[in-house]
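Beneath this line is the structure, given in structure tokens, with notes to follow.
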Amino acid sequence: SKRQKTCLLIDSNVYVLQSLNNVASLLRSLCCTCGVPIPPNPANMCVACLRTQVDISEGIPKQVTVHFCKQCERYLQPPATWVQCALESRELLALCLKKLKSSMTKVRLIDAGFLWTEPHSKRIKMKVTIQKEVMNGAILQQVFVVEFVVQYQMCDDCHRVEAKDFWKAVVQVRQKTVHKKTFYYLEQLILKHKLHQNALNIKEIHDGIDFYYGSKQHAQKMVDFLQCTVPCRSKTSQRLISHDIHSNTYNYKEHLLCGDRTCLQAFLAPTLFFKFKMSQTRVKTSQTPQLHNSFPFDLCLTPGCPVLSGCQDNIVCLSPRLAQSLGNMGQVCVCVRVTSTIHLIDPNTLQIAEVDGSTYWRNPFNSLCNPRQLEEFIVMDVDIIRDQKLGAGAGMRSNKHTLAEVWVQKTSEMDTSQQYHCRTFLGHLLNIGDLVLGFDFANSNVNDEYLNKMNPHHVPDVVLIKKSYDRTRRVKRRNWKLQEMARDREGMDTDDERQYQDFLEDLEEDEALRKNVNIYRDVSKIPVESDTDDDGAPRISLAEMLEELSLTDATGEDGADMMTD
């Protein structure tokens, strides 16, 4: 039957396989050295005897030295390249195999992999499998271990960092103003984007900060970051330092100009200046090069550009042409924020406008006061203005502010009956009895081109800027902190602490300003809460804070052993 035929076929296949195994067992020869039966091979020797006669790993070093820089954690790839490699990574495996490449030209690499070693043992072990044709065409495969000894060697970049005086490019930022809130905000932006990591040294002086770099590219990256953050103009030029006429080699000093000479007239309080010294690789020839005199270039960034808090809460007077182009808004405006654009608000109509860099360069305007000239007023009466109609062609109005008419009196003139009437955009914050900071135009002598041409009836007596809170209570309630850059300090002013507190208060009051800053929860400070201290001062919520990484979080204090139940 069909089933019987299938069984007979299976039995016949098994018989054939058994017959082939018997033939294979009969076709064995004896090793010419030890006499062990082996399958026939061209060398007529077993594998053990063949390995005693031939060592295909001969000439391949079993211990190799690898240079490692502890500062930057990079490995040396000869002749002069330093690469970043993690332990047991593909990059480190390729680097180790390149060390053996010159001695493995006569063998074939089959496999390579790492063997586990202690990370602090300064040893890297690699298991290598190779093949090579030996006696009479026989191919022998061998596995052996190569040990790489890690030796510490400081790279050239870290040498320059440790020297602290070697640099090829320096970015010198200068702020000609009475406050440093601009630098505090710029510091937080640099920390968030980690632009300080490539700096060889950071030095803070009385009116600015210097960034030293080992290459022109790193300095250019800093300038590009500032150009993306603040409105500015730049110009690049080269100055010839030396020229070797025999090898046709040039040595240049690079100069980068941000802004123009007109920015020496400070607007909105801060002015930033940049000075660049950039030199390419030096020429090494036997001939004496032709030298040309050169000097560093004083460069200037857009006045007032740093970003944000430096120009915040300043009063400006726009030109009639610019005010008309911005929606027929008033000429006297308050600068509420400066990012890549300047944000203005009209305190009489709540109209808002944004002035970009190109518009400012065509129609520049100046600040009428600085934060130190603001006076403290007390609110005597508040009247909210609702449903105000704007004229034709008016621009957008702010939805975050409320227009109000207020009567205020200076806290320094409480013994008199002198009061001032004005309009303000702080109607949603002010109540009777609140303290507010403002600028007194009625008793001030301000020299401004556009303000002097205005109708005196259109100039307000007082312009209110911001509500004032008790600083002592705000400091007690503050349970967050900011990071700082490690830098050399010299010529510090005693007023820096007050200015830093002003910057922290600006962060609490402006939510848009906080979006560009990393705020960390201060676990060492316990905020003080009481019913009597709630004066309505703005705070930063816990959801906006980051947890600062600390080694004591996992191991206890000072790296102690973890306590487990």
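Following the order of the structure tokens, first chain is A, next is B, and so on, with residues numbered from 1 inside each chain and ligands from 1 in the order they appear.
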
Among segment 14-117 of chain A, which residues does DSSP mark as alpha helix (DSSP H) when it is run on the backbone? Keep the chain and numbering as in the structure and answer as a ChimeraX atom specification.
/A:14-26,47-53,90-100

Segment 205-216 of chain A environment, 6 Å, only C-alpha atoms, sequence neighbours closer than 2 positions dropped, as a VMD selection string:
chain A and resid 167 to 175 199 to 203 218 to 219 490 to 491

Keeping all heavy atoms, export the residues of the selection given above as a compact mmCIF listing (two decimals), in the first residue's frame.
# COMPACT_ATOMS: atom_id res chain seq x y z
N TRP A 167 45.06 81.81 24.45
CA TRP A 167 43.78 81.88 23.74
C TRP A 167 44.03 82.45 22.36
O TRP A 167 44.99 83.18 22.12
CB TRP A 167 42.77 82.74 24.49
CG TRP A 167 43.29 84.05 24.97
CD1 TRP A 167 43.84 84.33 26.19
CD2 TRP A 167 43.33 85.28 24.23
NE1 TRP A 167 44.21 85.63 26.26
CE2 TRP A 167 43.92 86.25 25.08
CE3 TRP A 167 42.92 85.65 22.96
CZ2 TRP A 167 44.10 87.57 24.67
CZ3 TRP A 167 43.11 86.95 22.55
CH2 TRP A 167 43.70 87.90 23.42
N LYS A 168 43.16 82.09 21.43
CA LYS A 168 43.23 82.59 20.07
C LYS A 168 42.12 83.58 19.76
O LYS A 168 42.20 84.29 18.77
CB LYS A 168 43.16 81.43 19.07
CG LYS A 168 44.39 80.54 19.08
CD LYS A 168 44.30 79.48 17.99
CE LYS A 168 45.55 78.61 17.97
NZ LYS A 168 45.47 77.55 16.93
N ALA A 169 41.07 83.58 20.56
CA ALA A 169 39.96 84.50 20.33
C ALA A 169 39.37 84.87 21.68
O ALA A 169 39.23 84.03 22.55
CB ALA A 169 38.89 83.86 19.44
N VAL A 170 39.07 86.13 21.83
CA VAL A 170 38.45 86.61 23.06
C VAL A 170 37.23 87.45 22.69
O VAL A 170 37.29 88.27 21.78
CB VAL A 170 39.44 87.44 23.91
CG1 VAL A 170 40.00 88.62 23.14
CG2 VAL A 170 38.77 87.91 25.19
N VAL A 171 36.15 87.20 23.37
CA VAL A 171 34.92 87.98 23.21
C VAL A 171 34.76 88.82 24.47
O VAL A 171 34.54 88.29 25.55
CB VAL A 171 33.69 87.06 23.01
CG1 VAL A 171 32.44 87.89 22.82
CG2 VAL A 171 33.90 86.15 21.81
N GLN A 172 34.90 90.13 24.31
CA GLN A 172 34.82 91.04 25.44
C GLN A 172 33.49 91.78 25.38
O GLN A 172 33.23 92.55 24.46
CB GLN A 172 35.98 92.03 25.41
CG GLN A 172 37.34 91.35 25.60
CD GLN A 172 38.48 92.33 25.59
OE1 GLN A 172 38.37 93.39 25.00
NE2 GLN A 172 39.57 91.99 26.24
N VAL A 173 32.65 91.53 26.34
CA VAL A 173 31.32 92.14 26.40
C VAL A 173 31.36 93.27 27.42
O VAL A 173 31.80 93.07 28.56
CB VAL A 173 30.26 91.10 26.80
CG1 VAL A 173 28.87 91.69 26.69
CG2 VAL A 173 30.37 89.86 25.92
N ARG A 174 30.93 94.43 27.01
CA ARG A 174 30.93 95.59 27.89
C ARG A 174 29.53 96.19 27.95
O ARG A 174 28.85 96.29 26.93
CB ARG A 174 31.91 96.66 27.38
CG ARG A 174 33.34 96.18 27.35
CD ARG A 174 33.88 95.98 28.75
NE ARG A 174 35.26 95.54 28.71
CZ ARG A 174 35.63 94.26 28.73
NH1 ARG A 174 34.71 93.32 28.77
NH2 ARG A 174 36.90 93.93 28.69
N GLN A 175 29.13 96.58 29.14
CA GLN A 175 27.80 97.18 29.35
C GLN A 175 27.98 98.51 30.05
O GLN A 175 28.35 98.58 31.21
CB GLN A 175 26.91 96.26 30.18
CG GLN A 175 25.50 96.79 30.35
CD GLN A 175 24.64 95.90 31.22
OE1 GLN A 175 25.17 95.18 32.04
NE2 GLN A 175 23.35 95.97 31.04
N ALA A 199 34.73 77.62 26.46
CA ALA A 199 35.56 78.76 26.86
C ALA A 199 36.75 78.28 27.69
O ALA A 199 36.60 77.48 28.62
CB ALA A 199 34.74 79.77 27.65
N LEU A 200 37.94 78.77 27.35
CA LEU A 200 39.12 78.44 28.14
C LEU A 200 39.08 79.11 29.50
O LEU A 200 39.52 78.54 30.49
CB LEU A 200 40.38 78.85 27.38
CG LEU A 200 40.60 78.21 26.00
CD1 LEU A 200 41.87 78.75 25.38
CD2 LEU A 200 40.64 76.70 26.11
N ASN A 201 38.57 80.32 29.51
CA ASN A 201 38.51 81.07 30.76
C ASN A 201 37.43 82.14 30.63
O ASN A 201 37.18 82.66 29.54
CB ASN A 201 39.86 81.72 31.09
CG ASN A 201 39.89 82.31 32.49
OD1 ASN A 201 39.14 81.89 33.36
ND2 ASN A 201 40.74 83.29 32.71
N ILE A 202 36.77 82.43 31.72
CA ILE A 202 35.75 83.47 31.77
C ILE A 202 36.14 84.42 32.89
O ILE A 202 36.31 84.01 34.03
CB ILE A 202 34.35 82.89 32.02
CG1 ILE A 202 33.99 81.88 30.93
CG2 ILE A 202 33.31 83.99 32.09
CD1 ILE A 202 32.67 81.17 31.16
N LYS A 203 36.28 85.68 32.55
CA LYS A 203 36.74 86.67 33.52
C LYS A 203 35.74 87.81 33.59
O LYS A 203 35.38 88.40 32.57
CB LYS A 203 38.12 87.20 33.13
CG LYS A 203 38.72 88.19 34.13
CD LYS A 203 40.07 88.68 33.66
CE LYS A 203 41.08 87.55 33.60
NZ LYS A 203 42.42 88.06 33.25
N HIS A 218 34.76 78.64 17.95
CA HIS A 218 34.01 78.72 19.19
C HIS A 218 33.58 80.16 19.49
O HIS A 218 32.47 80.40 19.97
CB HIS A 218 34.84 78.16 20.34
CG HIS A 218 35.08 76.69 20.24
ND1 HIS A 218 36.13 76.05 20.86
CD2 HIS A 218 34.41 75.73 19.57
CE1 HIS A 218 36.09 74.76 20.59
NE2 HIS A 218 35.05 74.55 19.81
N ALA A 219 34.46 81.11 19.20
CA ALA A 219 34.10 82.51 19.41
C ALA A 219 33.00 82.93 18.44
O ALA A 219 32.08 83.67 18.80
CB ALA A 219 35.33 83.40 19.25
N GLU A 490 36.81 90.33 39.48
CA GLU A 490 37.68 91.40 39.93
C GLU A 490 36.91 92.71 39.84
O GLU A 490 36.08 92.91 38.96
CB GLU A 490 38.96 91.49 39.09
CG GLU A 490 38.72 91.74 37.62
CD GLU A 490 40.01 91.82 36.83
OE1 GLU A 490 41.00 91.17 37.23
OE2 GLU A 490 40.03 92.52 35.82
N GLY A 491 37.20 93.60 40.78
CA GLY A 491 36.54 94.89 40.78
C GLY A 491 35.04 94.82 41.00
O GLY A 491 34.28 95.50 40.33

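Using only C-alpha atoms for every distance, the candidate list A:Pro538, A:Pro456, A:Gly391, A:Gly438 yields A:Pro538 as the residue closest to Arg478 of chain A.
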
With a distance cut-off of 7 Å and only C-alpha atoms, select the neighbouring residues of segment 121-133 of chain A, excluding the residue or stretch itself and same-chain residues fewer than 3 positions from it, and output the selection as a PyMOL selection string.
chain A and resi 56+107-115+117-118+137-150

Minimum-distance residue to Gln53 of chain A, chosen among A:Thr33, A:Ser468, A:Ser398, A:Asn479 (using only C-alpha atoms)
A:Thr33

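Between Leu76 of chain A and the residues A:Gln153, A:Asn348, A:Asn443, A:Ser367, the shortest atom-to-atom distance, using only C-alpha atoms, involves A:Gln153.
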
Within segment 382-425 of chain A, find each residue whose DSSP state, derived from the backbone, is strand (DSSP E), and express the selection as number ranges by chain.
A: 382-384, 404-410, 420-424

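Note that the spacing between atom CA of Leu504 of chain A and atom CA of Ile519 of chain A amounts to 10.5 Å.
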